[in-house]
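run-v5.txt follows; it contains compact mmCIF, C-alpha atoms and all ligand atoms.
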# COMPACT_ATOMS: atom_id res chain seq x y z
CA MET K 1126 0.00 0.00 0.00
CA VAL K 1127 1.27 3.46 -0.86
CA GLN K 1128 0.28 6.72 0.80
CA ARG K 1129 1.07 10.27 -0.25
CA TRP K 1130 1.94 13.16 2.00
CA TYR K 1131 2.89 16.70 1.22
CA VAL K 1132 5.49 18.53 3.25
CA GLU K 1133 6.86 22.01 2.95
CA CYS K 1134 10.41 23.11 3.71
CA PRO K 1135 10.01 25.47 6.71
CA ILE K 1136 12.87 27.64 5.43
CA CYS K 1137 12.28 28.19 1.72
CA GLY K 1138 8.74 26.86 1.35
CA LYS K 1139 9.53 24.27 -1.35
CA LEU K 1140 6.83 21.64 -1.54
CA TYR K 1141 7.60 17.92 -1.60
CA GLN K 1142 5.40 14.94 -2.18
CA ILE K 1143 6.41 11.92 -0.11
CA LYS K 1144 5.22 8.59 -1.39
CA MET K 1145 5.44 6.10 1.40
CA GLN K 1146 5.39 2.40 1.25
CA ILE K 1147 3.20 1.49 4.19
CA ASP K 1148 4.76 -1.71 5.45
CA MET K 1149 2.96 -3.88 7.96
CA ASN K 1150 5.35 -2.66 10.66
CA ILE K 1151 4.87 1.02 10.01
CA GLY K 1152 2.36 1.50 12.82
CA LEU K 1153 4.53 -0.20 15.41
CA TYR K 1154 7.44 2.21 15.71
CA GLU K 1155 8.53 5.66 14.71
CA TRP K 1156 10.19 5.64 11.31
CA PRO K 1157 12.71 8.30 10.34
CA ILE K 1158 12.44 10.31 7.13
CA SER K 1159 15.40 12.52 6.39
CA PHE K 1160 16.48 14.43 3.31
CA GLU K 1161 18.11 17.68 2.38
CA CYS K 1162 16.05 20.42 0.75
CA LEU K 1163 17.02 20.80 -2.91
CA GLU K 1164 16.49 24.55 -2.86
CA CYS K 1165 18.04 25.73 0.37
CA GLY K 1166 20.02 22.81 1.80
CA GLU K 1167 18.06 22.59 5.05
CA ASN K 1168 18.02 19.12 6.61
CA LEU K 1169 14.39 18.04 6.79
CA ASP K 1170 13.64 15.42 9.40
CA TYR K 1171 10.30 13.75 9.96
CA THR K 1172 9.06 10.72 11.80
CA PHE K 1173 6.13 8.63 10.82
CA SER K 1174 4.23 6.52 13.34
CA LYS K 1175 0.68 5.47 14.00
CA LYS K 1176 0.06 9.05 15.10
CA GLY K 1177 0.93 10.13 11.56
CA LEU K 1178 3.67 12.36 10.27
CA ARG K 1179 5.60 14.71 12.55
CA PRO K 1180 6.15 17.58 12.24
CA LYS K 1181 2.73 18.04 10.69
CA LYS K 1182 2.23 17.43 7.00
CA SER K 1183 1.16 20.26 4.74
CA ASP K 1184 -2.56 20.53 4.04
CA PHE K 1185 -1.84 20.97 0.34
CA GLN K 1186 -4.47 19.31 -1.85
CA PRO K 1187 -3.25 18.02 -5.20
CA SER K 1188 -5.20 18.84 -8.31
CA PRO K 1189 -4.69 18.03 -12.02
CA SER K 1190 -3.74 21.64 -12.77
CA ASP K 1191 -0.72 21.65 -10.42
CA ALA K 1192 2.80 22.31 -11.64
CA PRO K 1193 5.02 19.22 -11.25
CA ILE K 1194 5.91 18.48 -7.64
CA THR K 1195 9.25 17.11 -6.43
CA THR K 1196 8.47 13.60 -5.30
CA ILE K 1197 10.37 11.35 -2.93
CA GLY K 1198 9.67 7.67 -2.59
CA TYR K 1199 10.09 6.41 0.94
CA SER K 1200 10.38 3.00 2.46
CA SER K 1201 11.31 2.33 6.07
CA SER K 1202 13.29 -0.73 5.12
CA LEU K 1203 14.24 -0.74 1.45
CA PRO K 1204 16.52 1.38 -0.71
CA ILE K 1205 14.73 3.72 -3.12
CA SER K 1206 15.25 3.36 -6.83
CA ASP K 1207 16.44 6.41 -8.72
CA GLU K 1208 13.09 6.83 -10.54
CA LEU K 1209 11.40 7.51 -7.22
CA TYR K 1210 13.85 9.98 -5.77
CA MET K 1211 13.48 13.75 -6.16
CA LYS K 1212 11.70 13.62 -9.47
CA ASP K 1213 9.37 16.41 -10.61
CA LEU K 1214 6.12 14.67 -11.40
CA ASP K 1215 2.88 16.09 -12.67
CA TYR K 1216 -0.47 15.02 -11.27
CA VAL K 1217 -1.00 12.05 -13.59
CA GLN K 1218 2.58 10.76 -13.28
CA SER K 1219 2.54 11.00 -9.54
CA MET K 1220 -0.70 9.05 -9.22
CA ALA K 1221 0.41 6.36 -11.65
CA LEU K 1222 3.77 5.52 -10.13
CA SER K 1223 4.25 2.12 -8.62
CA SER K 1224 5.42 1.53 -5.08
CA PRO K 1225 9.03 1.73 -3.87
CA TYR K 1226 8.97 -2.03 -3.45
CA MET K 1227 7.81 -2.65 -7.00
CA ASN K 1228 10.30 -0.17 -8.36
CA LEU K 1229 13.20 -1.70 -6.51
CA THR K 1230 12.67 -5.12 -8.00
CA TYR K 1231 11.52 -3.78 -11.35
CA SER K 1232 14.55 -1.54 -11.82
CA GLY K 1233 16.82 -4.54 -11.42
CA GLY K 1234 18.58 -3.63 -8.19
CA PHE K 1235 17.42 -6.73 -6.37
CA ILE K 1236 15.42 -9.71 -7.47
CA ILE K 1237 12.18 -10.59 -5.71
CA GLU K 1238 13.69 -13.63 -3.95
CA GLU K 1239 16.39 -11.41 -2.45
CA VAL K 1240 13.88 -8.88 -1.19
CA HIS K 1241 11.85 -11.71 0.26
CA GLN K 1242 14.91 -13.13 2.01
CA PHE K 1243 15.67 -9.68 3.43
CA ASP K 1244 12.09 -9.46 4.60
CA LEU K 1245 12.50 -12.57 6.74
CA PHE K 1246 15.51 -10.97 8.41
CA LEU K 1247 13.50 -7.77 8.97
CA GLN K 1248 10.66 -9.69 10.57
CA ARG K 1249 13.05 -11.21 13.09
CA MET K 1250 14.53 -7.81 13.81
CA GLN K 1251 11.10 -6.26 14.21
CA GLU K 1252 10.13 -8.83 16.78
CA ASN K 1253 13.32 -9.19 18.75
CA LEU K 1254 15.28 -6.01 18.39
CA LEU K 1255 13.35 -2.91 17.40
CA PRO K 1256 11.01 -2.88 20.41
CA TYR K 1257 14.12 -2.87 22.63
CA LYS K 1258 16.37 -0.68 20.51
CA GLY K 1259 16.55 2.05 23.17
CA VAL K 1260 17.14 -0.24 26.13
CA LEU K 1261 20.95 -0.09 26.13
CA LEU K 1262 20.86 3.70 26.05
CA SER K 1263 18.22 3.94 28.77
CA LEU K 1264 20.22 1.69 31.07
CA LEU K 1265 23.56 3.34 30.34
CA PRO K 1266 23.56 6.14 32.98
CA ILE K 1267 22.71 3.69 35.77
CA PHE K 1268 25.11 1.09 34.42
CA LYS K 1269 27.92 3.66 34.42
CA LYS K 1270 27.08 4.69 37.95
CA GLY K 1271 27.20 1.06 39.00
CA ASN K 1272 23.98 1.13 41.01
CA VAL K 1273 22.93 -2.54 40.90
CA ASP K 1274 19.60 -2.06 42.64
CA ALA K 1275 18.53 0.80 40.38
CA PHE K 1276 19.67 -1.22 37.38
CA SER K 1277 17.39 -4.13 38.37
CA LYS K 1278 14.44 -1.82 38.79
CA LYS K 1279 15.02 -0.10 35.49
CA MET K 1280 15.33 -3.46 33.73
CA ALA K 1281 11.99 -4.55 35.16
CA LEU K 1282 10.44 -1.30 34.03
CA LEU K 1283 11.84 -1.47 30.50
CA PHE K 1284 10.83 -5.07 29.95
CA ASP K 1285 7.55 -4.65 31.74
CA MET K 1286 8.26 -7.41 34.25
CA LYS K 1287 5.94 -7.50 37.22
CA ARG K 1288 7.95 -10.15 38.99
CA TYR K 1289 11.69 -10.30 38.68
CA LYS K 1290 14.68 -11.47 40.62
CA PRO K 1291 16.75 -8.43 41.57
CA LEU K 1292 20.43 -8.57 40.65
CA THR K 1293 22.67 -8.74 43.67
CA SER K 1294 26.16 -8.03 42.38
CA SER K 1295 28.04 -5.75 40.08
CA LYS K 1296 29.02 -8.81 38.05
CA GLY K 1297 25.36 -9.70 37.63
CA MET K 1298 24.71 -6.24 36.27
CA TYR K 1299 27.62 -6.47 33.85
CA ASP K 1300 26.55 -9.90 32.69
CA THR K 1301 23.02 -8.67 32.08
CA TYR K 1302 24.14 -5.63 30.13
CA PHE K 1303 26.47 -7.70 27.96
CA GLU K 1304 23.76 -10.26 27.41
CA LEU K 1305 21.61 -7.47 26.01
CA ILE K 1306 24.46 -6.41 23.75
CA GLU K 1307 24.92 -9.97 22.55
CA LYS K 1308 21.21 -10.40 21.83
CA SER K 1309 21.17 -7.11 19.94
CA TYR K 1310 24.10 -8.32 17.88
CA HIS K 1311 22.55 -11.64 16.96
CA ASN K 1312 19.34 -9.97 15.83
CA LEU K 1313 21.26 -7.39 13.87
CA ILE K 1314 23.30 -9.74 11.68
CA THR K 1315 21.81 -11.17 8.52
CA PRO K 1316 21.91 -14.93 7.83
CA TYR K 1317 24.49 -14.23 5.09
CA TYR K 1318 26.69 -12.32 7.52
CA TYR K 1319 26.37 -15.12 10.05
CA GLU K 1320 27.51 -17.75 7.55
CA HIS K 1321 30.27 -15.75 5.91
CA TYR K 1322 31.69 -13.36 8.46
CA PHE K 1323 30.64 -14.53 11.89
CA LYS K 1324 31.53 -18.18 11.34
CA ARG K 1325 34.77 -17.46 9.53
CA ASN K 1326 36.12 -14.46 11.41
CA VAL K 1327 34.52 -14.20 14.81
CA LYS K 1328 33.57 -17.67 15.95
CA PRO K 1329 37.12 -19.11 15.77
CA LEU K 1330 38.36 -16.34 18.08
CA SER K 1331 35.50 -16.85 20.48
CA ASP K 1332 36.02 -20.64 20.42
CA TYR K 1333 39.70 -20.14 21.12
CA LEU K 1334 38.92 -17.98 24.16
CA ASN K 1335 36.39 -20.53 25.42
CA GLY K 1336 39.00 -23.27 25.30
CA ALA K 1337 42.11 -21.40 26.47
CA SER K 1338 43.47 -21.70 29.99
CA SER K 1339 43.07 -18.73 32.31
CA ALA K 1340 46.86 -18.36 32.41
CA ASP K 1341 46.92 -17.96 28.62
CA ILE K 1342 44.09 -15.47 28.67
CA LYS K 1343 45.77 -13.53 31.44
CA ALA K 1344 48.88 -13.26 29.28
CA ILE K 1345 46.79 -12.09 26.31
CA LYS K 1346 45.06 -9.47 28.41
CA GLU K 1347 48.38 -8.16 29.74
CA LYS K 1348 49.73 -7.80 26.21
CA LEU K 1349 46.61 -6.05 24.97
CA ASP K 1350 46.39 -3.79 28.02
CA GLU K 1351 49.89 -2.38 27.43
CA SER K 1352 48.57 0.15 24.91
CA GLY K 1353 45.40 0.96 26.91
CA LYS K 1354 43.18 -1.25 29.04
CA ILE K 1355 40.64 -3.14 26.98
CA SER K 1356 38.03 -2.93 29.75
CA ALA K 1357 38.40 0.86 29.76
CA TRP K 1358 37.91 0.79 25.99
CA TYR K 1359 34.57 -0.92 26.12
CA GLU K 1360 33.35 1.00 29.11
CA ASN K 1361 34.28 4.47 27.88
CA GLU K 1362 34.14 4.15 24.11
CA ALA K 1363 32.41 1.07 22.77
CA ILE K 1364 29.37 0.85 25.03
CA PRO K 1365 28.36 4.52 24.70
CA TYR K 1366 28.80 4.22 20.93
CA ILE K 1367 26.78 1.01 20.71
CA ALA K 1368 23.99 2.35 22.92
CA GLU K 1369 23.63 5.49 20.80
CA ALA K 1370 23.83 3.61 17.51
CA MET K 1371 21.30 0.96 18.53
CA ASN K 1372 18.88 3.66 19.58
CA LYS K 1373 18.78 4.98 16.03
CA ILE K 1374 19.34 1.74 14.22
CA GLN K 1375 16.24 2.16 12.03
CA LYS K 1376 18.03 4.87 10.10
CA LEU K 1377 20.40 2.27 8.65
CA ILE K 1378 17.91 -0.49 7.84
CA PRO K 1379 17.55 0.10 4.08
CA ALA K 1380 21.32 -0.36 3.70
CA MET K 1381 21.24 -3.73 5.44
CA ILE K 1382 19.85 -5.42 2.34
CA TYR K 1383 23.39 -5.45 0.88
CA SER K 1384 24.55 -7.54 3.81
CA SER K 1385 21.57 -9.80 3.35
CA VAL K 1386 22.73 -10.69 -0.18
CA GLY K 1387 26.46 -10.46 0.55
CA GLU K 1388 27.10 -7.47 -1.69
CA SER K 1389 29.92 -5.10 -0.74
CA ASP K 1390 29.91 -3.04 -3.90
CA VAL K 1391 26.76 -0.98 -3.58
CA ALA K 1392 27.06 0.36 -7.14
CA LYS K 1393 26.62 -3.13 -8.58
CA ARG K 1394 23.00 -3.08 -7.45
CA GLY K 1395 22.18 0.09 -9.29
CA ASN K 1396 21.92 3.69 -8.36
CA LEU K 1397 19.87 3.36 -5.18
CA LYS K 1398 18.95 5.99 -2.63
CA ILE K 1399 18.18 6.19 1.05
CA VAL K 1400 15.84 8.67 2.78
CA THR K 1401 16.13 7.67 6.42
CA ILE K 1402 19.32 9.50 7.43
CA SER K 1403 21.15 12.65 6.41
CA CYS K 1404 24.67 12.63 5.02
CA GLU K 1405 25.86 14.69 7.96
CA GLU K 1406 24.46 12.29 10.52
CA VAL K 1407 25.77 9.07 9.00
CA VAL K 1408 29.22 10.52 8.38
CA SER K 1409 29.47 11.73 11.94
CA MET K 1410 28.33 8.33 13.19
CA TYR K 1411 30.89 6.63 10.96
CA SER K 1412 33.76 8.87 12.05
CA LYS K 1413 33.01 8.32 15.71
CA GLY K 1414 32.81 4.59 15.08
CA PHE K 1415 36.10 4.73 13.21
CA GLU K 1416 37.91 6.14 16.26
CA THR K 1417 36.24 3.63 18.54
CA TYR K 1418 37.06 0.72 16.30
CA THR K 1419 40.67 1.78 15.70
CA HIS K 1420 41.31 1.60 19.44
CA ALA K 1421 40.15 -2.02 19.53
CA LEU K 1422 41.46 -3.41 16.29
CA LYS K 1423 44.42 -4.74 18.28
CA ILE K 1424 42.07 -7.19 20.00
CA MET K 1425 40.73 -8.58 16.74
CA VAL K 1426 44.18 -8.75 15.14
CA GLY K 1427 45.93 -10.06 18.26
CA LEU K 1428 43.47 -12.93 18.67
CA ASN K 1429 43.65 -13.67 14.98
CA ASN K 1430 47.45 -13.75 15.19
CA ILE K 1431 47.14 -16.42 17.87
CA VAL K 1432 44.61 -18.51 15.98
CA GLU K 1433 46.36 -18.15 12.63
CA ASN K 1434 50.03 -17.99 13.62
CA GLY K 1435 50.16 -19.29 17.18
CA ASN K 1436 51.49 -16.06 18.65
CA ILE K 1437 49.81 -12.74 19.48
CA ASP K 1438 52.75 -10.80 18.02
CA THR K 1439 53.04 -12.75 14.76
CA PHE K 1440 51.22 -11.08 11.86
CA THR K 1441 50.37 -12.74 8.57
CA ASN K 1442 52.34 -11.03 5.77
CA PRO K 1443 53.27 -7.90 7.76
CA LYS K 1444 53.75 -4.79 5.65
CA VAL K 1445 55.01 -1.77 7.49
CA GLY K 1446 58.56 -2.27 8.72
CA GLY K 1447 59.32 -2.42 12.42
CA VAL K 1448 55.86 -3.45 13.58
CA ASP K 1449 56.67 -6.78 15.13
CA SER K 1450 54.36 -6.84 18.12
CA ILE K 1451 50.69 -6.27 18.83
CA ASP K 1452 51.69 -3.44 21.14
CA LYS K 1453 53.49 -1.57 18.36
CA PHE K 1454 50.55 -2.22 16.04
CA ALA K 1455 48.12 -0.79 18.59
CA ARG K 1456 50.08 2.46 18.66
CA LEU K 1457 49.77 3.07 14.91
CA SER K 1458 47.24 5.49 13.45
CA GLY K 1459 44.16 4.00 11.80
CA GLY K 1460 45.61 4.61 8.35
CA LYS K 1461 48.92 2.93 9.19
CA MET K 1462 47.08 -0.01 10.72
CA LEU K 1463 45.28 -0.51 7.44
CA GLU K 1464 48.54 -0.39 5.48
CA HIS K 1465 50.02 -2.94 7.80
CA LEU K 1466 47.10 -5.29 7.25
CA GLU K 1467 46.93 -5.01 3.47
CA ASP K 1468 48.17 -8.54 2.84
CA TYR K 1469 46.60 -10.04 5.93
CA ALA K 1470 43.69 -11.57 4.04
CA THR K 1471 41.63 -12.90 6.97
CA ILE K 1472 41.50 -9.50 8.62
CA TYR K 1473 41.52 -7.29 5.55
CA ASP K 1474 38.58 -9.03 3.86
CA TYR K 1475 36.69 -9.08 7.10
CA LEU K 1476 37.00 -5.30 7.59
CA ASP K 1477 34.79 -4.74 4.51
CA GLY K 1478 34.73 -0.96 4.72
CA ALA K 1479 34.57 -0.67 8.51
CA MET K 1480 37.82 1.31 8.38
CA ASN K 1481 37.51 3.53 5.35
CA ASN K 1482 40.21 6.06 6.03
CA LYS K 1483 39.20 8.33 3.16
CA VAL K 1484 35.67 8.89 4.39
CA ARG K 1485 36.90 9.46 7.89
CA ASN K 1486 39.72 11.83 6.85
CA ALA K 1487 37.40 13.89 4.67
CA ALA K 1488 34.95 14.17 7.56
CA SER K 1489 37.69 15.38 9.88
CA HIS K 1490 38.56 18.23 7.49
CA GLY K 1491 35.37 20.06 8.41
CA GLU K 1492 33.65 22.36 5.88
CA GLY K 1493 34.63 21.35 2.40
CA GLY K 1494 35.98 17.94 3.33
CA LEU K 1495 32.84 16.33 2.04
CA GLU K 1496 30.70 17.36 -0.88
CA TYR K 1497 27.19 15.97 -0.95
CA VAL K 1498 24.96 16.32 -4.00
CA VAL K 1499 21.35 16.03 -2.88
CA LEU K 1500 19.93 15.21 -6.29
CA THR K 1501 22.20 12.22 -6.92
CA GLN K 1502 23.21 11.40 -3.31
CA GLU K 1503 26.82 11.29 -4.49
CA VAL K 1504 29.42 12.03 -1.83
CA LYS K 1505 32.86 13.30 -2.75
CA CYS K 1506 35.40 12.82 0.02
CA TYR K 1507 38.39 15.17 -0.17
CA TYR K 1508 40.60 13.06 2.04
CA ASP K 1509 43.91 14.83 1.43
CA ASP K 1510 43.87 18.29 2.97
CA SER K 1511 46.93 19.38 1.01
CA ASP K 1512 45.74 18.20 -2.41
CA ARG K 1513 42.23 19.11 -3.50
CA SER K 1514 42.54 17.09 -6.70
CA LYS K 1515 42.35 13.87 -4.71
CA HIS K 1516 38.87 12.69 -3.88
CA TYR K 1517 37.17 9.42 -3.15
CA ASP K 1518 33.70 9.22 -4.67
CA THR K 1519 30.99 7.25 -2.98
CA SER K 1520 27.27 7.50 -2.22
CA LEU K 1521 25.07 8.08 0.78
CA ILE K 1522 23.77 4.52 0.84
CA ALA K 1523 27.32 3.15 0.52
CA ILE K 1524 28.34 5.10 3.64
CA CYS K 1525 25.25 3.75 5.42
CA ARG K 1526 26.34 0.24 4.50
CA ILE K 1527 29.86 0.61 5.90
CA CYS K 1528 28.49 2.32 8.99
CA TYR K 1529 26.36 -0.78 9.63
CA VAL K 1530 29.32 -3.13 9.04
CA GLN K 1531 31.41 -1.02 11.38
CA LEU K 1532 28.76 -1.25 14.11
CA LEU K 1533 28.67 -5.04 13.77
CA HIS K 1534 32.46 -5.14 14.10
CA ILE K 1535 32.42 -2.92 17.18
CA LEU K 1536 29.82 -5.22 18.73
CA GLU K 1537 31.94 -8.28 17.94
CA VAL K 1538 35.13 -6.92 19.41
CA THR K 1539 33.26 -5.66 22.48
CA LEU K 1540 31.94 -9.15 23.17
CA LEU K 1541 35.40 -10.67 22.64
CA ALA K 1542 37.01 -8.09 24.92
CA ARG K 1543 34.46 -8.78 27.61
CA LYS K 1544 35.10 -12.50 27.33
CA ILE K 1545 38.82 -11.91 27.91
CA VAL K 1546 38.25 -9.69 30.93
CA GLU K 1547 35.64 -12.00 32.39
CA LYS K 1548 37.84 -15.08 32.14
CA VAL K 1549 40.71 -13.34 33.92
CA ASN K 1550 38.53 -12.09 36.79
ZN ZN K 1601 14.26 24.60 1.60

Represent the supplied structure as C-alpha cells.
Amino acid sequence: MVQRWYVECPICGKLYQIKMQIDMNIGLYEWPISFECLECGENLDYTFSKKGLRPKKSDFQPSPSDAPITTIGYSSSLPISDELYMKDLDYVQSMALSSPYMNLTYSGGFIIEEVHQFDLFLQRMQENLLPYKGVLLSLLPIFKKGNVDAFSKKMALLFDMKRYKPLTSSKGMYDTYFELIEKSYHNLITPYYYEHYFKRNVKPLSDYLNGASSADIKAIKEKLDESGKISAWYENEAIPYIAEAMNKIQKLIPAMIYSSVGESDVAKRGNLKIVTISCEEVVSMYSKGFETYTHALKIMVGLNNIVENGNIDTFTNPKVGGVDSIDKFARLSGGKMLEHLEDYATIYDYLDGAMNNKVRNAASHGEGGLEYVVLTQEVKCYYDDSDRSKHYDTSLIAICRICYVQLLHILEVTLLARKIVEKVN
C-alpha cells in the first residue's frame, strides 16, 4: 500500500510529495524520514508513526492543474530506486507511479527472492530487536554509575516485568548488560553475515577464548592492556557508541539489504537511494565509530594472530617495517594499521569498509571535506587536505552500509574483549 503526503520546507517553502510504502510494521514504531532540501540545503527530518507524520504534513491538496511536484519515494526498510527519488512529477505521473517495493525489484537492483529473504531478516529484527532498541541507552547512565539495585528496577520497568529477581552483584549487572548487547548483535546480523563473516572471522576467536586456559588469557590481556586497558575501551568508548547507535538503528535499515545478499559493492545493485538519514548524521556516526574501532582493532588482530600464527605478536604477511608486536601495532594510526594489514587476508577481507580512512579523513577536514549532491546522493570525500585534486567518490547509501558493518564489528570486538576480561577475573 502506498500513501502520499505533502510537506513544505520550513525555510524556503519548497513543496515535496512523499510517497510512502506502508509496510505492515509502520504502525509499530517511529520511522525516520530525512532528506536535504534541494532549494536551500536545510536538513528536513520527519518521523512517521501510527500518530501520523511529525512535524505536521502540509494541508496541500493536489489537483490536475498543479505544476510538477518534487516527489520522494520512501520506504522504512528498502533502498529507493532512482526513478522515485526527487523527481518532478505532474499530477497524472505522480498518481500512476508504482510503489518503492515494486520499483526496486523492477529496476533490477534486487530480485524478488532477495527482497523476500531480506524481509525474513527484517521480521526477526522487528520482533526481537526494534522494540528494545533504546534499552541499552536507557540503562547506560545507571550502568555507568554502578547502582545494581537501580539497574534491576530499570530493567523490570523497560521489559515490563511485574515479577523479577533483583540482581545482587556488580558482576550480575555487567553480565546482564552484555547479554543485552549480545542479543542485539545476533538480531542485527543477517543470515548471510552469520555464515560468511561470523563463522569465519569471529567464531574461531570466540572458540579459542572458550578453550584457552586462564593463564593464557591472562597473558593475552596483559599484552593487549599495554597500549590501553581493553576494559576501559569498552566502558568508555564502545558501550556509549553502541547504545547510541542501537537507539537509532532504524536509520540504517535500508542499507542492510546489501549484507543480506552479501554485496559489498553498492554500485553493482544500481543507483539506489536512502531517505532515512542525512549525510551529515551518518558521516558523523561513521567517524566516531572509526575512532572507537581503531582503538580495539588490536584485540581482533591479536586474537587472529594467535589462531592463525600461534602467537599474538606474529602477523600474517606484515607490511610496514618495524611493527613486530601487537603493542606496536596498537600504537599506529588508523591509516597505518590498514597499510600494515593489506596482505593479511583474513583481517583485511573481514573489515569490509569498517575502516575507510578516506571517508573518515574527509569528515575530519570540516567544511569542504565532504561534498554531498542532494539530487544524486553522491558524496565526494576530499581526504587529502593538502591536495584538492584527490577525492574518493561514494554514495550516501554506501556510507550507510559501511556504517552498519562497522557497528557489527564494534559489537563483535566488544563481546570478545568482555570474554577476555571476564575469564581473567
Ligand atoms: Zn528549503

Inset, instruction - Could you give me the residues within 7 Å of ligand ZN 1601 (chain K), counting only C-alpha atoms and all ligand atoms, as an MDAnalysis selection string? - result: chainID K and resid 1134:1139 1162:1167

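CA of Val1386 (chain K) is found 8.8 Å from CA of Tyr1318 (chain K).
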
Legend entry - Distance query 8 Å from (21.5, 11.8, -1.3) using all atoms listed in the file, result as an NGL selection string: :K and (1160-1161 or 1398-1400 or 1403-1404 or 1497-1504 or 1520-1522)

Inset, instruction - Please provide as a list in words all residues within 9 Å of Gly1493 (chain K), with the sequence filter that same-chain residues fewer than 4 positions apart are discarded (counting only C-alpha atoms). - result: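 Near neighbours after the sequence-gap exclusion: Ala1487, Ala1488, Cys1506 and Tyr1507 of chain K.
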
Inset, instruction - For a cut-off of 10 Å around (43.1, -6.6, 29.4), file coordinates, pick out all residues using all atoms listed in the file and list them as a VMD selection string. - result: chain K and resid 1342 to 1358 1424 1542 to 1543 1545 to 1547 1549

Output C-alpha atoms for every residue in that selection, as a PDB file, in the coordinates of the input.
ATOM      1  CA  ILE K1342      44.090 -15.470  28.670  1.00  0.00           C
ATOM      2  CA  LYS K1343      45.770 -13.530  31.440  1.00  0.00           C
ATOM      3  CA  ALA K1344      48.880 -13.260  29.280  1.00  0.00           C
ATOM      4  CA  ILE K1345      46.790 -12.090  26.310  1.00  0.00           C
ATOM      5  CA  LYS K1346      45.060  -9.470  28.410  1.00  0.00           C
ATOM      6  CA  GLU K1347      48.380  -8.160  29.740  1.00  0.00           C
ATOM      7  CA  LYS K1348      49.730  -7.800  26.210  1.00  0.00           C
ATOM      8  CA  LEU K1349      46.610  -6.050  24.970  1.00  0.00           C
ATOM      9  CA  ASP K1350      46.390  -3.790  28.020  1.00  0.00           C
ATOM     10  CA  GLU K1351      49.890  -2.380  27.430  1.00  0.00           C
ATOM     11  CA  SER K1352      48.570   0.150  24.910  1.00  0.00           C
ATOM     12  CA  GLY K1353      45.400   0.960  26.910  1.00  0.00           C
ATOM     13  CA  LYS K1354      43.180  -1.250  29.040  1.00  0.00           C
ATOM     14  CA  ILE K1355      40.640  -3.140  26.980  1.00  0.00           C
ATOM     15  CA  SER K1356      38.030  -2.930  29.750  1.00  0.00           C
ATOM     16  CA  ALA K1357      38.400   0.860  29.760  1.00  0.00           C
ATOM     17  CA  TRP K1358      37.910   0.790  25.990  1.00  0.00           C
ATOM     18  CA  ILE K1424      42.070  -7.190  20.000  1.00  0.00           C
ATOM     19  CA  ALA K1542      37.010  -8.090  24.920  1.00  0.00           C
ATOM     20  CA  ARG K1543      34.460  -8.780  27.610  1.00  0.00           C
ATOM     21  CA  ILE K1545      38.820 -11.910  27.910  1.00  0.00           C
ATOM     22  CA  VAL K1546      38.250  -9.690  30.930  1.00  0.00           C
ATOM     23  CA  GLU K1547      35.640 -12.000  32.390  1.00  0.00           C
ATOM     24  CA  VAL K1549      40.710 -13.340  33.920  1.00  0.00           C
TER      25      VAL K1549
END

Inset, instruction - Provide the CA of Leu1541 (chain K) to CA of Tyr1310 (chain K) distance in Å, to one decimal place. - result: 12.5 Å

Inset, instruction - Please provide the set of residues having any atom within 12 Å of Phe1243 (chain K), restricted to only C-alpha atoms, with same-chain residues fewer than 3 positions apart removed, written as a ChimeraX atom specification. - result: /K:1202-1204,1235-1240,1246-1250,1314-1317,1378-1387

Written file, previous selection with C-alpha atoms, as a short mmCIF file (atom, residue, chain, number, x, y, z; two decimals), in the frame of the given file:
data_model
loop_
_atom_site.label_atom_id
_atom_site.label_comp_id
_atom_site.auth_asym_id
_atom_site.auth_seq_id
_atom_site.Cartn_x
_atom_site.Cartn_y
_atom_site.Cartn_z
CA SER K 1202 13.29 -0.73 5.12
CA LEU K 1203 14.24 -0.74 1.45
CA PRO K 1204 16.52 1.38 -0.71
CA PHE K 1235 17.42 -6.73 -6.37
CA ILE K 1236 15.42 -9.71 -7.47
CA ILE K 1237 12.18 -10.59 -5.71
CA GLU K 1238 13.69 -13.63 -3.95
CA GLU K 1239 16.39 -11.41 -2.45
CA VAL K 1240 13.88 -8.88 -1.19
CA PHE K 1246 15.51 -10.97 8.41
CA LEU K 1247 13.50 -7.77 8.97
CA GLN K 1248 10.66 -9.69 10.57
CA ARG K 1249 13.05 -11.21 13.09
CA MET K 1250 14.53 -7.81 13.81
CA ILE K 1314 23.30 -9.74 11.68
CA THR K 1315 21.81 -11.17 8.52
CA PRO K 1316 21.91 -14.93 7.83
CA TYR K 1317 24.49 -14.23 5.09
CA ILE K 1378 17.91 -0.49 7.84
CA PRO K 1379 17.55 0.10 4.08
CA ALA K 1380 21.32 -0.36 3.70
CA MET K 1381 21.24 -3.73 5.44
CA ILE K 1382 19.85 -5.42 2.34
CA TYR K 1383 23.39 -5.45 0.88
CA SER K 1384 24.55 -7.54 3.81
CA SER K 1385 21.57 -9.80 3.35
CA VAL K 1386 22.73 -10.69 -0.18
CA GLY K 1387 26.46 -10.46 0.55
#

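Omitting region 1305-1309 of chain K and its sequence neighbours fewer than 2 positions away, and counting only C-alpha atoms, the residues within 10 Å are Met1250, Asn1253, Leu1254, Leu1255, Tyr1257, Lys1258, Val1260, Leu1261, Tyr1299, Asp1300, Thr1301, Tyr1302, Phe1303, His1311, Asn1312, Leu1313, Ile1314, Ile1364, Ile1367, Ala1368, Met1371, Leu1533, Leu1536, Glu1537, Thr1539 and Leu1540 of chain K.
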
Inset, instruction - Just give me the gap between CA of Asn1550 (chain K) and CA of Gly1336 (chain K) in Å, one decimal is fine. - result: 16.0 Å

Legend entry - For region 1216-1220 of chain K: contacts at 7 Å, all atoms listed in the file, fewer than 2 positions along chain excluded, given as number ranges by chain: K: 1188-1189, 1191, 1193, 1214, 1222

Dump of C-alpha atoms for the selected residues, as a JSON list (two decimals), in the frame of the given file:
[["chain", "number", "residue", "atom", "x", "y", "z"],
["K", 1188, "SER", "CA", -5.20, 18.84, -8.31],
["K", 1189, "PRO", "CA", -4.69, 18.03, -12.02],
["K", 1191, "ASP", "CA", -0.72, 21.65, -10.42],
["K", 1193, "PRO", "CA", 5.02, 19.22, -11.25],
["K", 1214, "LEU", "CA", 6.12, 14.67, -11.40],
["K", 1222, "LEU", "CA", 3.77, 5.52, -10.13]]

Inset, instruction - Using all atoms listed in the file, find the one residue out of K:Gln1531, K:Asn1442, K:Ser1338, K:Thr1230 that sits nearest to Tyr1366 (chain K). - result: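 Comparing K:Gln1531, K:Asn1442, K:Ser1338, K:Thr1230 against Tyr1366 (chain K), the winner is K:Gln1531.
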